[in-house]
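Student: Provided herewith is a single structure, encoded as structure tokens, for subsequent inquiry.
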Amino acid sequence: MFELKNKRIAFFGAVGYLGTPIIWKMAELGADLFLADFNKELAVKTAREMSEKFPGQKFEASKVDVGDYASIAGCFKEIKNTFGSLDVMVSGIHAANDRTVEEFTPELMNKSLSVNLTGSFLLARHSAELMPKGGSIVIFSSMYGQVSPDPSIYYKPMKANPIDYGIAKAGLNQMIRYLAVHWGPKNIRVNGVSPGPFPNPANYVGSEDFIERLNKKVPLGRVGKRDEMAGSVIYLASDESSFTNGHIINVDGGWTAW
Ligand SMILES: NC(=O)c1ccc[n+]([C@@H]2O[C@H](COP(=O)([O-])OP(=O)(O)OC[C@H]3O[C@@H](n4cnc5c(N)ncnc54)[C@H](O)[C@@H]3O)[C@@H](O)[C@H]2O)c1
């Protein structure tokens, strides 16, 4: 059912661990893609590889820093020059400080929220300006926007997932609902996905016991595989979700269900 032919999609945080399998699936389903990421080199390389594999479609890439609002505005200028208008915007960016509650300074908290919350808000607003006939906005939230990390699974020197991350994700959940209502009359749908544990193996070499503790917290008994996010994001990006608005899909193996 899902097809993305002629959909012009801007994906922020495109070449990250979870973004990568999604953008490739989107390309396979016929989308034109603008890949925006901190990691310009990988985004440009990926766009080039996609152009070779799917010659009839358009792929562009650019560096963006979602913590720098001028950089966001510059990136949307490029998107406008490339596509004219947009059908879909996905944001899979995140920022967090590896600090405990006691270690946090106001500056660190503000910096993090300025990327995750204000930056994401600006991504959504710039996107809406490029969606005169409506569109779909998909924001990556997290299970930690709904529930607190269980401190008992983080053994020293590991620290529990930091508070700024969860505060921002909870804020994004409300932003999704607010914007879904605000832009509903313009046929701009705003939804989210809320991943559970998808540990990137590159970050957990030697921490197999931690993965085991994560497995035990998931009703399905295991952590997520990176390509298990594509279905929900593509559903929300495609016309199959044309009446889904203001919704956040949990893709967490049931983590938040008990
Ligand atoms: N992996 C998980 O277990 C998990 C769980 C819950 C939620 N999430 C959410 O899913 C999304 C993707 O996570 P991931 O695991 O793929 O992370 P990742 O770090 O692998 O990917 C994030 C991508 O965003 C880019 N990025 C980060 N900050 C940016 C900024 N300020 N400006 C521009 N680009 C920026 C990075 O370069 C990277 O390519 C994030 O929003 C994250 O919070 C992930």
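Quick note on naming: the chains in the structure tokens go A, B, ... in the order shown, residues restart at 1 in each chain, and ligands are numbered from 1 in order of appearance.
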Quick one: residues within 6 Å of ligand 1, with only C-alpha atoms and all ligand atoms, as a list of chain:residue names?
Tutor: A:Gly13, A:Ala14, A:Val15, A:Gly16, A:Tyr17, A:Leu18, A:Gly19, A:Asp37, A:Phe38, A:Asn39, A:Val64, A:Asp65, A:Val66, A:Gly67, A:Gly92, A:Ile93, A:His94, A:Ala95, A:Val115, A:Phe140, A:Ser141, A:Ser142, A:Met143, A:Pro195, A:Gly196, A:Pro197, A:Phe198, A:Pro199
Student: For the selection just defined, write its residues with N, CA and C atoms to a file, as a compact mmCIF listing (two decimals), in the first residue's frame.
Tutor:
```txt
# COMPACT_ATOMS: atom_id res chain seq x y z
N GLY A 13 18.47 14.95 10.52
CA GLY A 13 19.08 13.82 11.24
C GLY A 13 18.98 12.57 10.38
N ALA A 14 19.12 12.79 9.05
CA ALA A 14 18.81 11.75 8.06
C ALA A 14 19.74 10.55 8.13
N VAL A 15 21.01 10.79 8.45
CA VAL A 15 21.97 9.70 8.29
C VAL A 15 22.40 9.12 9.64
N GLY A 16 21.55 9.27 10.65
CA GLY A 16 21.82 8.67 11.95
C GLY A 16 21.48 7.18 11.95
N TYR A 17 21.61 6.58 13.13
CA TYR A 17 21.41 5.14 13.27
C TYR A 17 19.99 4.72 12.84
N LEU A 18 18.98 5.43 13.31
CA LEU A 18 17.60 5.07 12.95
C LEU A 18 17.16 5.68 11.63
N GLY A 19 17.69 6.88 11.32
CA GLY A 19 17.29 7.56 10.08
C GLY A 19 17.71 6.80 8.83
N ASP A 37 21.71 17.06 7.84
CA ASP A 37 22.35 16.47 9.02
C ASP A 37 23.58 17.30 9.39
N PHE A 38 23.96 17.20 10.64
CA PHE A 38 25.27 17.67 11.09
C PHE A 38 26.38 17.09 10.22
N ASN A 39 26.21 15.80 9.95
CA ASN A 39 27.23 15.02 9.26
C ASN A 39 27.07 15.20 7.75
N VAL A 64 23.25 20.90 8.37
CA VAL A 64 22.43 21.79 9.18
C VAL A 64 22.80 21.58 10.64
N ASP A 65 22.75 22.66 11.41
CA ASP A 65 22.88 22.53 12.86
C ASP A 65 21.58 23.05 13.45
N VAL A 66 20.80 22.14 13.99
CA VAL A 66 19.46 22.52 14.47
C VAL A 66 19.55 23.41 15.72
N GLY A 67 20.74 23.49 16.32
CA GLY A 67 20.94 24.41 17.44
C GLY A 67 21.25 25.83 16.98
N GLY A 92 14.61 13.64 13.08
CA GLY A 92 15.16 12.59 13.95
C GLY A 92 16.40 13.08 14.68
N ILE A 93 16.44 14.40 14.91
CA ILE A 93 17.61 14.94 15.63
C ILE A 93 17.40 14.79 17.14
N HIS A 94 18.44 14.93 17.89
CA HIS A 94 18.32 14.97 19.35
C HIS A 94 19.60 15.55 19.93
N ALA A 95 19.48 16.06 21.14
CA ALA A 95 20.66 16.52 21.87
C ALA A 95 20.44 16.20 23.33
N VAL A 115 18.09 23.32 21.34
CA VAL A 115 18.22 22.46 20.15
C VAL A 115 16.95 21.62 20.00
N PHE A 140 10.47 12.70 15.81
CA PHE A 140 10.93 11.61 16.68
C PHE A 140 10.86 12.05 18.14
N SER A 141 10.02 11.36 18.90
CA SER A 141 10.00 11.55 20.34
C SER A 141 10.80 10.40 20.96
N SER A 142 10.40 9.96 22.15
CA SER A 142 11.08 8.84 22.81
C SER A 142 10.20 8.31 23.93
N MET A 143 10.42 7.05 24.26
CA MET A 143 9.73 6.49 25.44
C MET A 143 10.04 7.33 26.68
N PRO A 195 10.19 5.96 19.82
CA PRO A 195 10.95 4.70 19.88
C PRO A 195 11.23 4.29 21.32
N GLY A 196 11.31 2.98 21.51
CA GLY A 196 11.80 2.42 22.76
C GLY A 196 13.30 2.23 22.65
N PRO A 197 13.85 1.18 23.26
CA PRO A 197 15.31 1.01 23.21
C PRO A 197 15.79 0.44 21.87
N PHE A 198 16.58 1.25 21.18
CA PHE A 198 17.23 0.83 19.93
C PHE A 198 18.72 1.12 20.09
N PRO A 199 19.40 0.41 21.01
CA PRO A 199 20.80 0.76 21.24
C PRO A 199 21.66 0.56 20.00
```
Student: Determine, using only C-alpha atoms, which residues of region 154-257 of chain A have any atom at most 8 Å from an atom of region 116-134 of chain A, and tabulate each with its shortest atom pair and distance in Å to one decimal place, rows ordered by chain and then rising number, as a tab-separated table.
Tutor:
```
residue	atom	partner	partner_atom	distance
A:Ala168	CA	A:Leu117	CA	5.9
A:Lys169	CA	A:Asn116	CA	7.8
A:Gly171	CA	A:Leu117	CA	6.9
A:Leu172	CA	A:Leu117	CA	6.5
A:Met175	CA	A:Phe121	CA	7.6
A:Lys186	CA	A:Gly134	CA	5.8
A:Asn187	CA	A:Gly134	CA	4.5
A:Ile188	CA	A:Gly134	CA	4.5
A:Arg189	CA	A:Gly134	CA	7.6
```
Student: At a cut-off of 7 Å, using only C-alpha atoms, what residues contact Gly253 (chain A)? Leave out same-chain residues fewer than 6 positions from it and give the result as a PyMOL selection string.
Tutor: chain A and resi 196+218-220
Student: Please identify all polymer residues within 8 Å of Gln146 (chain A), counting only C-alpha atoms, omitting same-chain residues fewer than 4 positions from it, and present them as a PDB file with N, CA and C atoms, in the first residue's frame.
Tutor:
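Written out: out12.pdb:
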```
ATOM      1  N   SER A 142      10.398   9.962  22.146  1.00  0.00           N
ATOM      2  CA  SER A 142      11.080   8.845  22.811  1.00  0.00           C
ATOM      3  C   SER A 142      10.202   8.307  23.935  1.00  0.00           C
ATOM      4  N   GLY A 166      14.590  13.776  28.405  1.00  0.00           N
ATOM      5  CA  GLY A 166      13.192  13.433  28.667  1.00  0.00           C
ATOM      6  C   GLY A 166      12.290  14.656  28.706  1.00  0.00           C
ATOM      7  N   ALA A 170       9.185  15.098  26.151  1.00  0.00           N
ATOM      8  CA  ALA A 170       7.820  15.334  26.649  1.00  0.00           C
ATOM      9  C   ALA A 170       7.276  16.628  26.044  1.00  0.00           C
ATOM     10  N   THR A 256       6.423   1.015  27.361  1.00  0.00           N
ATOM     11  CA  THR A 256       5.570   1.963  28.102  1.00  0.00           C
ATOM     12  C   THR A 256       4.195   1.371  28.437  1.00  0.00           C
TER      13      THR A 256
END
```
Student: Work out how far apart CA of Glu3 (chain A) and CA of Phe243 (chain A) are and give it in Å to one decimal.
Tutor: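 Answer for the CA of Glu3 (chain A) to CA of Phe243 (chain A) separation: 16.4 Å.
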Student: Write out as CSV a residue-level contact list of region 145-237 of chain A versus region 85-89 of chain A with cut-off 12 Å: for each qualifying residue the closest pair of atoms and the distance in Å to one decimal, counting only C-alpha atoms, rows sorted by chain and residue number upward.
Tutor:
```
residue,atom,partner,partner_atom,distance
A:Asn187,CA,A:Asp87,CA,11.0
A:Ile188,CA,A:Asp87,CA,9.1
A:Arg189,CA,A:Val88,CA,9.5
A:Val190,CA,A:Met89,CA,9.6
A:Asn191,CA,A:Met89,CA,10.6
A:Gly192,CA,A:Met89,CA,11.3
A:Val233,CA,A:Met89,CA,10.6
A:Ile234,CA,A:Val88,CA,10.2
A:Tyr235,CA,A:Val88,CA,11.6
A:Leu236,CA,A:Val88,CA,9.2
A:Ala237,CA,A:Val88,CA,6.1
```
Student: Could you pull the residues within 8 Å of region 147-154 of chain A, counting only C-alpha atoms, minus those fewer than 3 positions along the same chain, as an NGL selection string?
Tutor: :A and (143-144 or 158-161 or 166 or 210 or 213-214 or 256)
Student: Given the selection you just returned, output its residues as a file containing N, CA and C atoms, formatted as a compact mmCIF listing (two decimals), in the first residue's frame.
Tutor:
```txt
# COMPACT_ATOMS: atom_id res chain seq x y z
N MET A 143 10.42 7.05 24.26
CA MET A 143 9.73 6.49 25.44
C MET A 143 10.04 7.33 26.68
N TYR A 144 11.24 7.97 26.70
CA TYR A 144 11.61 8.76 27.87
C TYR A 144 10.94 10.14 27.89
N MET A 158 28.03 4.07 34.22
CA MET A 158 26.96 4.51 33.33
C MET A 158 26.00 5.42 34.11
N LYS A 159 25.54 6.50 33.46
CA LYS A 159 24.56 7.36 34.11
C LYS A 159 23.20 7.13 33.47
N ALA A 160 22.15 7.33 34.25
CA ALA A 160 20.81 7.17 33.68
C ALA A 160 20.63 8.17 32.55
N ASN A 161 19.80 7.83 31.59
CA ASN A 161 19.48 8.75 30.51
C ASN A 161 19.16 10.12 31.11
N GLY A 166 14.59 13.78 28.41
CA GLY A 166 13.19 13.43 28.67
C GLY A 166 12.29 14.66 28.71
N PHE A 210 24.31 -4.61 29.82
CA PHE A 210 23.33 -3.52 29.80
C PHE A 210 22.20 -3.85 28.81
N ARG A 213 19.85 -6.12 30.35
CA ARG A 213 18.94 -5.45 31.29
C ARG A 213 17.83 -4.71 30.52
N LEU A 214 18.20 -4.13 29.37
CA LEU A 214 17.18 -3.48 28.53
C LEU A 214 16.18 -4.53 28.03
N THR A 256 6.42 1.01 27.36
CA THR A 256 5.57 1.96 28.10
C THR A 256 4.20 1.37 28.44
```
Student: If you count only C-alpha atoms, which residues fall within 9 Å of Lys45 (chain A), apart from same-chain ones fewer than 5 positions away, as a ChimeraX atom specification?
Tutor: /A:40,50,61
Student: If you run DSSP on the backbone, which residues of region 28-237 of chain A are strand (DSSP E), as a list in words?
Tutor: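 These are the residues in question: Asp32, Leu33, Phe34, Leu35, Ala36, Asp37, Phe59, Glu60, Ala61, Ser62, Lys63, Val88, Met89, Val90, Ser91, Gly135, Ser136, Ile137, Val138, Ile139, Phe140, Ile188, Arg189, Val190, Asn191, Gly192, Val193, Ser194 and Pro195 of chain A.
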Student: Point out the residue among A:Ala43, A:Val138, A:Ala202, A:Ala27 with the least atom-to-atom distance to Asn173 (chain A), counting only C-alpha atoms.
Tutor: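 Of the candidates, the smallest distance to Asn173 (chain A) is held by A:Val138.
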